Amino acid sequence: MNHPAVIDTRKGCLDAPVLRQRGQREVFCGLTGIIWLHRKMQDAFFLVVGSRTCAHLLQSAAGVMIFAEPRFGTAIMEEKDLAGLADAQDEIDREVGRLLERRPDIRQLFLVGSCPSEVIKLDLSRAAERLTKAHAPHVRVLSYSGSGIETTFTQGEDACLAAMVPVLPETAARDLLIVGALPDVVEDQFARLFAELGVPVRFLPARRRDEAPGVGPNTLILLAQPFLGDTAAALEGRGATHLAAPFPFGDEGTTAWLKAAADAFGVDASTFDRVTEAPRTRARKAIAAAATTLRDKTVFFFPDSQLEIPLARFLARECGMIPLEVGTPYLHRGHHGPDLALIPAGPVISEGQDVDLQLERCRAARPDLTVCGLGLANPLEAEGLATKWAIELVFTPVHGYDQAGDLAGLFARPLRRRQAVTV
């Protein structure tokens, strides 16, 4: 399936040199994580303390109609707040009180910091402690930063989940904890597979506050997303053990991810094969349908979501594509190592970004497909390069066996569209 003239499958990229660059970056705001988190946590509300720009971003990114009742909103900071003419803490207390009076269904409230609130050093953690005391036990208030000043957009989820770790109950049970927000349909699929394997499993974040998992020295964690470095560190700080594994994209990644848990819980090989055989067969068949378009095509990843390394592994090994450069905002070897080891040697592995230099490399390489953020896609399309919006890979269900064909199809679609237009 791999391209024999270019890819050396014997080495992998685990020890490949990493091109590290720091310069102008193309990044998206960390507040974006609220869009999938508010759908996941059904009794939570996300109150952004920010500007009108923050409110417009969330409204447009979510596509929420004006008469909808979303589980997020923005406490808009006015000029008097920024000038210090009003007590911001009093303002927050008043707005939270009005919100909770109108929405008694809220059990978890997240105060989300933004660029404006961080610039004026507004202490939302103090506000969260004060409001929790005022509204306990019905509502728990937590805070985290969604600012995009120094982070990439998926780290909003990391900051949110890390803020939840200190309030998770203590447990001595030997459980598996899946960490990372997954669409409900994907979570249900994984829950069924783990049940058939006989592995006790919980999920973070839980759908409701009273379903929150416990954590303790016997907890084993599997990351569902590669951008959860702070959350994983917080869980390990409470005694949990991280199981290193490729991320569950495609047949190979999902199987290795499940196998890491199965081995840790002593599941025998025959049981594992029996449980995974049928979904693996479906996944391979679905991937093959898209691989006919992707095989031997080159792909170039700009850093965006931190999904780039596991996706490059999936495209190279399961779809026959040839990665030219795999850029990621941050490279966490403890989390990305298993996927890096499987990527066939050859591509440039880059961390961080100097966007002008990276654009020069992309233009020189002329890849068949470029995976990048929205800000770069249209200009590159105008230059004749086929592109895939990286953010679509975050908003679309792509984990697990039953989504493997859809994942491959997301990359095949722009190539098929370009082929059809050319014809």
# chains A, B, ... in the order shown; residues from 1 in each chain; ligands from 1
$ residues_around --residues "stretch 186-192 of chain A" --least-positions-apart "2" --cutoff "10 Å" --atoms "only C-alpha atoms" --output "ChimeraX atom specification"
/A:178,181-184,194-203,254,258,275,397-403
$ write_last_selection --atoms "C-alpha atoms" --output "mmCIF file, in the first residue's frame"
data_model
loop_
_atom_site.group_PDB
_atom_site.id
_atom_site.type_symbol
_atom_site.label_atom_id
_atom_site.label_comp_id
_atom_site.auth_asym_id
_atom_site.auth_seq_id
_atom_site.Cartn_x
_atom_site.Cartn_y
_atom_site.Cartn_z
ATOM 1 C CA ILE A 178 -11.170 7.489 27.997
ATOM 2 C CA ALA A 181 -14.700 14.761 24.024
ATOM 3 C CA LEU A 182 -16.154 12.322 21.485
ATOM 4 C CA PRO A 183 -19.457 12.574 19.609
ATOM 5 C CA ASP A 184 -22.094 10.544 21.431
ATOM 6 C CA PHE A 194 -15.060 -2.279 25.759
ATOM 7 C CA ALA A 195 -18.102 -3.992 27.292
ATOM 8 C CA GLU A 196 -17.640 -6.960 24.938
ATOM 9 C CA LEU A 197 -13.966 -7.071 25.900
ATOM 10 C CA GLY A 198 -14.877 -7.018 29.579
ATOM 11 C CA VAL A 199 -13.000 -3.769 30.262
ATOM 12 C CA PRO A 200 -14.676 -1.393 32.780
ATOM 13 C CA VAL A 201 -14.686 2.036 31.117
ATOM 14 C CA ARG A 202 -15.644 5.631 31.943
ATOM 15 C CA PHE A 203 -15.423 8.791 29.853
ATOM 16 C CA THR A 254 -8.276 1.902 16.493
ATOM 17 C CA LEU A 258 -8.119 -0.943 21.904
ATOM 18 C CA VAL A 275 -14.775 -8.735 19.321
ATOM 19 C CA PRO A 397 -16.952 12.173 13.791
ATOM 20 C CA VAL A 398 -13.735 10.478 12.637
ATOM 21 C CA HIS A 399 -12.660 8.159 15.488
ATOM 22 C CA GLY A 400 -13.107 4.420 15.513
ATOM 23 C CA TYR A 401 -13.901 1.631 13.088
ATOM 24 C CA ASP A 402 -17.291 2.803 11.855
ATOM 25 C CA GLN A 403 -16.021 6.292 10.995
#
$ select_by_dssp --residues "stretch 79-327 of chain A" --states "strand (DSSP E)" --output "VMD selection string"
chain A and resid 108 to 113 140 to 145 176 to 179 201 to 204 220 to 223 241 to 242 298 to 301 322 to 327
$ residues_around --residues "A:Arg140" --least-positions-apart "5" --cutoff "8 Å" --atoms "only C-alpha atoms" --output "PDB file with N, CA and C atoms, in the first residue's frame"
ATOM      1  N   ARG A 107     -26.089  22.656  35.790  1.00  0.00           N
ATOM      2  CA  ARG A 107     -25.444  22.030  36.943  1.00  0.00           C
ATOM      3  C   ARG A 107     -23.945  22.332  36.992  1.00  0.00           C
ATOM      4  N   GLN A 108     -23.378  22.636  35.835  1.00  0.00           N
ATOM      5  CA  GLN A 108     -21.962  23.000  35.752  1.00  0.00           C
ATOM      6  C   GLN A 108     -21.855  24.301  34.972  1.00  0.00           C
ATOM      7  N   LEU A 109     -21.142  25.250  35.521  1.00  0.00           N
ATOM      8  CA  LEU A 109     -20.945  26.531  34.841  1.00  0.00           C
ATOM      9  C   LEU A 109     -19.452  26.781  34.687  1.00  0.00           C
ATOM     10  N   THR A 132     -19.121  29.181  43.337  1.00  0.00           N
ATOM     11  CA  THR A 132     -19.424  27.803  43.743  1.00  0.00           C
ATOM     12  C   THR A 132     -19.983  27.782  45.156  1.00  0.00           C
ATOM     13  N   HIS A 135     -23.615  29.104  45.089  1.00  0.00           N
ATOM     14  CA  HIS A 135     -24.659  28.356  44.382  1.00  0.00           C
ATOM     15  C   HIS A 135     -24.590  26.851  44.616  1.00  0.00           C
TER      16      HIS A 135
END
$ select_by_dssp --residues "stretch 259-408 of chain A" --states "alpha helix (DSSP H)" --output "PyMOL selection string"
chain A and resi 259-264+269-294+308-318+333-342+355-365+374-382+392-395+404-408
$ residues_around --residues "A:Gly384" --least-positions-apart "6" --cutoff "10 Å" --atoms "only C-alpha atoms" --output "ChimeraX atom specification"
/A:363,366,368,378,418
$ closest_residue --among "A:Gly352, A:Gly250, A:Pro323, A:Pro205" --to "A:Ala163" --atoms "only C-alpha atoms"
A:Pro205
$ atom_distance --atom1 "atom CA of A:Ala128" --atom2 "atom CA of A:Ala75"
14.5 Å
$ atom_distance --atom1 "atom CA of A:Cys160" --atom2 "atom CA of A:Gln24"
26.3 Å
$ closest_atom_pairs --of "stretch 107-168 of chain A" --to "stretch 235-239 of chain A" --cutoff "12 Å" --atoms "only C-alpha atoms" --output "CSV"
residue,atom,partner,partner_atom,distance
A:Asp158,CA,A:Leu235,CA,11.9
A:Leu161,CA,A:Leu235,CA,10.0
A:Ala162,CA,A:Leu235,CA,8.1
A:Ala163,CA,A:Leu235,CA,10.7
A:Met164,CA,A:Leu235,CA,10.0
A:Val165,CA,A:Leu235,CA,6.5
A:Pro166,CA,A:Arg238,CA,8.3
A:Val167,CA,A:Arg238,CA,10.9
A:Leu168,CA,A:Leu235,CA,9.7
$ write_last_selection --atoms "C-alpha atoms" --output "tab-separated table (two decimals), in the first residue's frame"
chain	number	residue	atom	x	y	z
A	158	ASP	CA	-7.53	20.66	27.11
A	161	LEU	CA	-10.89	19.14	31.00
A	162	ALA	CA	-7.79	19.96	33.05
A	163	ALA	CA	-9.95	22.33	35.14
A	164	MET	CA	-12.34	19.43	35.86
A	165	VAL	CA	-9.68	17.00	37.09
A	166	PRO	CA	-9.24	18.45	40.63
A	167	VAL	CA	-12.98	18.07	41.37
A	168	LEU	CA	-13.33	14.50	40.07
$ closest_residue --among "A:Met321, A:Ala16, A:Ile106, A:Leu228" --to "A:Gln306" --atoms "only C-alpha atoms"
A:Leu228
$ closest_residue --among "A:Ala316, A:Val299, A:Leu99, A:Ala233" --to "A:Ala386" --atoms "only C-alpha atoms"
A:Val299
$ closest_residue --among "A:Asp15, A:Glu118, A:Glu351, A:Glu360" --to "A:Pro329" --atoms "only C-alpha atoms"
A:Glu351
$ residues_around --residues "A:Thr281" --least-positions-apart "2" --cutoff "12 Å" --atoms "only C-alpha atoms" --output "list in words"
Gly250, Asp251, Glu252, Thr255, Asp273, Arg274, Val275, Thr276, Glu277, Ala278, Pro279, Ala283, Arg284, Lys285, Ala286, Ile287, Ala288, Tyr401, Asp402, Ala404 and Gly405 of chain A
